[in-house]
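**Q** Sharing a structure with you now.
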Amino acid sequence: MNAVSQPDFAADVLAIAAHRDDVEQTCGGTLLRMASRGLRTAILDLTQGEAGTRGSAESRAREAAEAAHRLGVGWREALDLPDGAVENTLENRLKIVRVLRLLRPRVVILPYWQARHPDHAAVAELGYQACFLSGLAKAPVVRPTAPPAPDEPEEAEAQPFRPFKIVYASLYADVRPSFIVDITPFIEQRHAALMAYRSQYADQLAGGGLFVPEEEIRERTFAEARHYGLLAGVRYGEPFVQKEVGLVDDLTLLPVQSI
């Protein structure tokens, strides 16, 4: 199901998440910053939200489209993996491979691999393995159930491709980030994108004991961003982990002050 689509779209940065609104919570400010630099951003949600306590798949699709517009995202799609039961299977990996080969992103953002929600942890492993599989020339192709759009060439699905970089959004993980992205200029837009999910965050009876009251959401999300911003010497930030070591060319250009 397409929430946002541009013809012949190629992404510089693709964020992959289990649920609609996960990206808005963990790396929405980063996508805004990348878009402000002229980079092309995209989101792939793996489920449609049919198992959520609040809202429906249909309402979350509408909200996801609005949120994508507020984030300046050029492409967004939701796959059909079962909400609450995401598994790392070959079939699911190949569904992601098809998207990777169509969008050909240089950077993929995944959720951190340890998480309270099993879907989030599963997506970290599933997404990594899909990125690897996408580079194998003989990997099979999984066709979507609907026919491809006229501007979506089928041959692109067969061309091997592997992203250059994979990073993990670690906002809700109790780990030291590898780096922080300064989202200070975009904090209000980030919050507006999250609040596009009115079915999830507006006060209501359903899930009243599970969800944070609407008036507290801003305070909590800004406090988290403030915490990570302070680690990097900026006002608001989003944290990420990379598994590789970093490479520095010029010590005098390292940006965070030591003392």
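By order in the structure tokens, chains are A, B, ...; within a chain, residues start at 1; ligands start at 1, following the order shown.
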Any idea what's packed within 8 Å of Gly28 in chain A, counting only C-alpha atoms, ignoring anything in its chain fewer than 3 positions away? Could you give it as a list in words?

**A**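 With the cut-off at 8 Å, the set is Val23, Glu24, Gln25, Leu31, Leu32, Leu71, Arg190 and Ala193 of chain A.
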
**Q** DSSP on the backbone: what in range 4-243 of chain A comes out strand (DSSP E), as a ChimeraX atom specification?

**A** /A:4,13-17,41-45,75-78,107-111,165-169,179-182,237-241

**Q** List the neighbours of His120 in chain A out to 10 Å using only C-alpha atoms; skip same-chain residues closer than 2 positions along the sequence, and give me the result as number ranges by chain.

**A** A: 17-19, 22, 84, 86, 110-118, 122-126

**Q** What are the DSSP helix (DSSP H, G or I) residues of range 29-245 of chain A, as a PyMOL selection string?

**A** chain A and resi 29-36+57-71+90-103+118-133+154-158+184-194+198-201+214-232

**Q** List as JSON, numbers by chain the protein and nucleic acid residues near Arg101 in chain A, meaning an atom at most 10 Å away when only C-alpha atoms are counted, but skip any in the same chain fewer than 3 places from it.

**A** {"A": [10, 96, 97, 98, 104, 105, 131, 134, 135, 155, 156, 157, 158, 159, 160, 161, 162, 163]}

**Q** For N, CA and C atoms, I'd like the residues from the last selection saved as a compact mmCIF listing (two decimals), in the first residue's frame.

**A**
# COMPACT_ATOMS: atom_id res chain seq x y z
N ALA A 10 14.55 7.36 -6.50
CA ALA A 10 15.73 6.70 -5.96
C ALA A 10 16.06 7.39 -4.65
N ILE A 96 11.65 -7.18 1.10
CA ILE A 96 12.48 -6.00 1.33
C ILE A 96 13.51 -5.83 0.23
N VAL A 97 14.06 -6.94 -0.26
CA VAL A 97 15.03 -6.90 -1.35
C VAL A 97 14.45 -6.16 -2.55
N ARG A 98 13.20 -6.45 -2.88
CA ARG A 98 12.56 -5.79 -4.03
C ARG A 98 12.58 -4.26 -3.85
N ARG A 104 17.45 1.71 -4.25
CA ARG A 104 18.91 1.75 -4.27
C ARG A 104 19.47 2.80 -3.32
N PRO A 105 19.12 2.74 -2.04
CA PRO A 105 19.60 3.74 -1.08
C PRO A 105 21.07 3.53 -0.71
N CYS A 131 19.45 -6.64 3.28
CA CYS A 131 20.47 -5.82 2.64
C CYS A 131 21.58 -6.68 2.05
N SER A 134 20.16 -8.68 -0.99
CA SER A 134 19.89 -7.83 -2.14
C SER A 134 21.10 -7.72 -3.06
N GLY A 135 22.29 -7.96 -2.54
CA GLY A 135 23.48 -7.87 -3.35
C GLY A 135 23.84 -9.14 -4.09
N GLU A 155 12.56 -4.77 -14.55
CA GLU A 155 13.94 -5.23 -14.62
C GLU A 155 14.77 -4.71 -13.46
N ALA A 156 14.36 -3.59 -12.84
CA ALA A 156 15.11 -3.04 -11.71
C ALA A 156 15.09 -4.01 -10.52
N GLU A 157 14.02 -4.79 -10.42
CA GLU A 157 13.90 -5.72 -9.31
C GLU A 157 14.95 -6.83 -9.38
N ALA A 158 15.50 -7.07 -10.54
CA ALA A 158 16.44 -8.18 -10.72
C ALA A 158 17.89 -7.74 -10.63
N GLN A 159 18.16 -6.43 -10.61
CA GLN A 159 19.53 -5.95 -10.57
C GLN A 159 20.06 -5.96 -9.14
N PRO A 160 21.13 -6.69 -8.86
CA PRO A 160 21.64 -6.75 -7.49
C PRO A 160 22.08 -5.38 -6.99
N PHE A 161 21.87 -5.14 -5.72
CA PHE A 161 22.25 -3.87 -5.12
C PHE A 161 22.42 -4.09 -3.62
N ARG A 162 23.43 -3.45 -3.04
CA ARG A 162 23.66 -3.54 -1.60
C ARG A 162 23.95 -2.14 -1.07
N PRO A 163 23.24 -1.68 -0.05
CA PRO A 163 23.52 -0.35 0.52
C PRO A 163 24.95 -0.25 1.03

**Q** Quote the spacing between CA of Thr26 in chain A and CA of Gln257 in chain A in Å to one decimal place.

**A**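 That distance, rounded to one decimal, is 25.0 Å.
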
**Q** Compare A:Thr221, A:Ser199, A:Gln189, A:Thr184 by their minimum atom-to-atom distance to Arg70 in chain A, counting only C-alpha atoms, and give me the closest one.

**A**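 Using only C-alpha atoms, Arg70 in chain A sits closest to A:Gln189.
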
**Q** Please provide the set of residues having any atom within 12 Å of Phe186 in chain A, restricted to only C-alpha atoms, with same-chain residues fewer than 6 positions apart removed, written as a VMD selection string.

**A** chain A and resid 27 to 36 70 to 72 192 to 193 222 225 235 to 238

**Q** If I take CA of Ala169 in chain A and CA of Val141 in chain A, how far is one from the other in Å, to one decimal?

**A**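 Going from CA of Ala169 in chain A over to CA of Val141 in chain A, I get 28.2 Å.
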
**Q** Please determine, counting only C-alpha atoms, which residue among A:Asp119, A:Asp45, A:Asp83, A:Asp182 has the shortest atom-to-atom distance to Gly233 in chain A.

**A** A:Asp182

**Q** Determine, counting only C-alpha atoms, which protein, DNA and RNA residues have an atom within 9 Å of an atom of Arg60 in chain A; residues of the same chain fewer than 6 positions away are not included. Present the result as a list in words.

**A**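 Close residues of Arg60 in chain A: Arg20, Asp21, Gln48, Gly49, Glu50, Tyr197, Arg198, Ser199 and Gln200 of chain A.
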
**Q** Find the residues around Arg93 in chain A up to 8 Å (only C-alpha atoms counted), leave out those fewer than 6 positions away in its own chain, and share them as a list in words.

**A** Leu126, Gly127, Gln129, Ala130 and Leu133 of chain A

**Q** Take CA of Val245 in chain A and CA of Leu39 in chain A and report the distance between them in Å, one decimal.

**A**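 For CA of Val245 in chain A relative to CA of Leu39 in chain A, the distance reads 24.2 Å.
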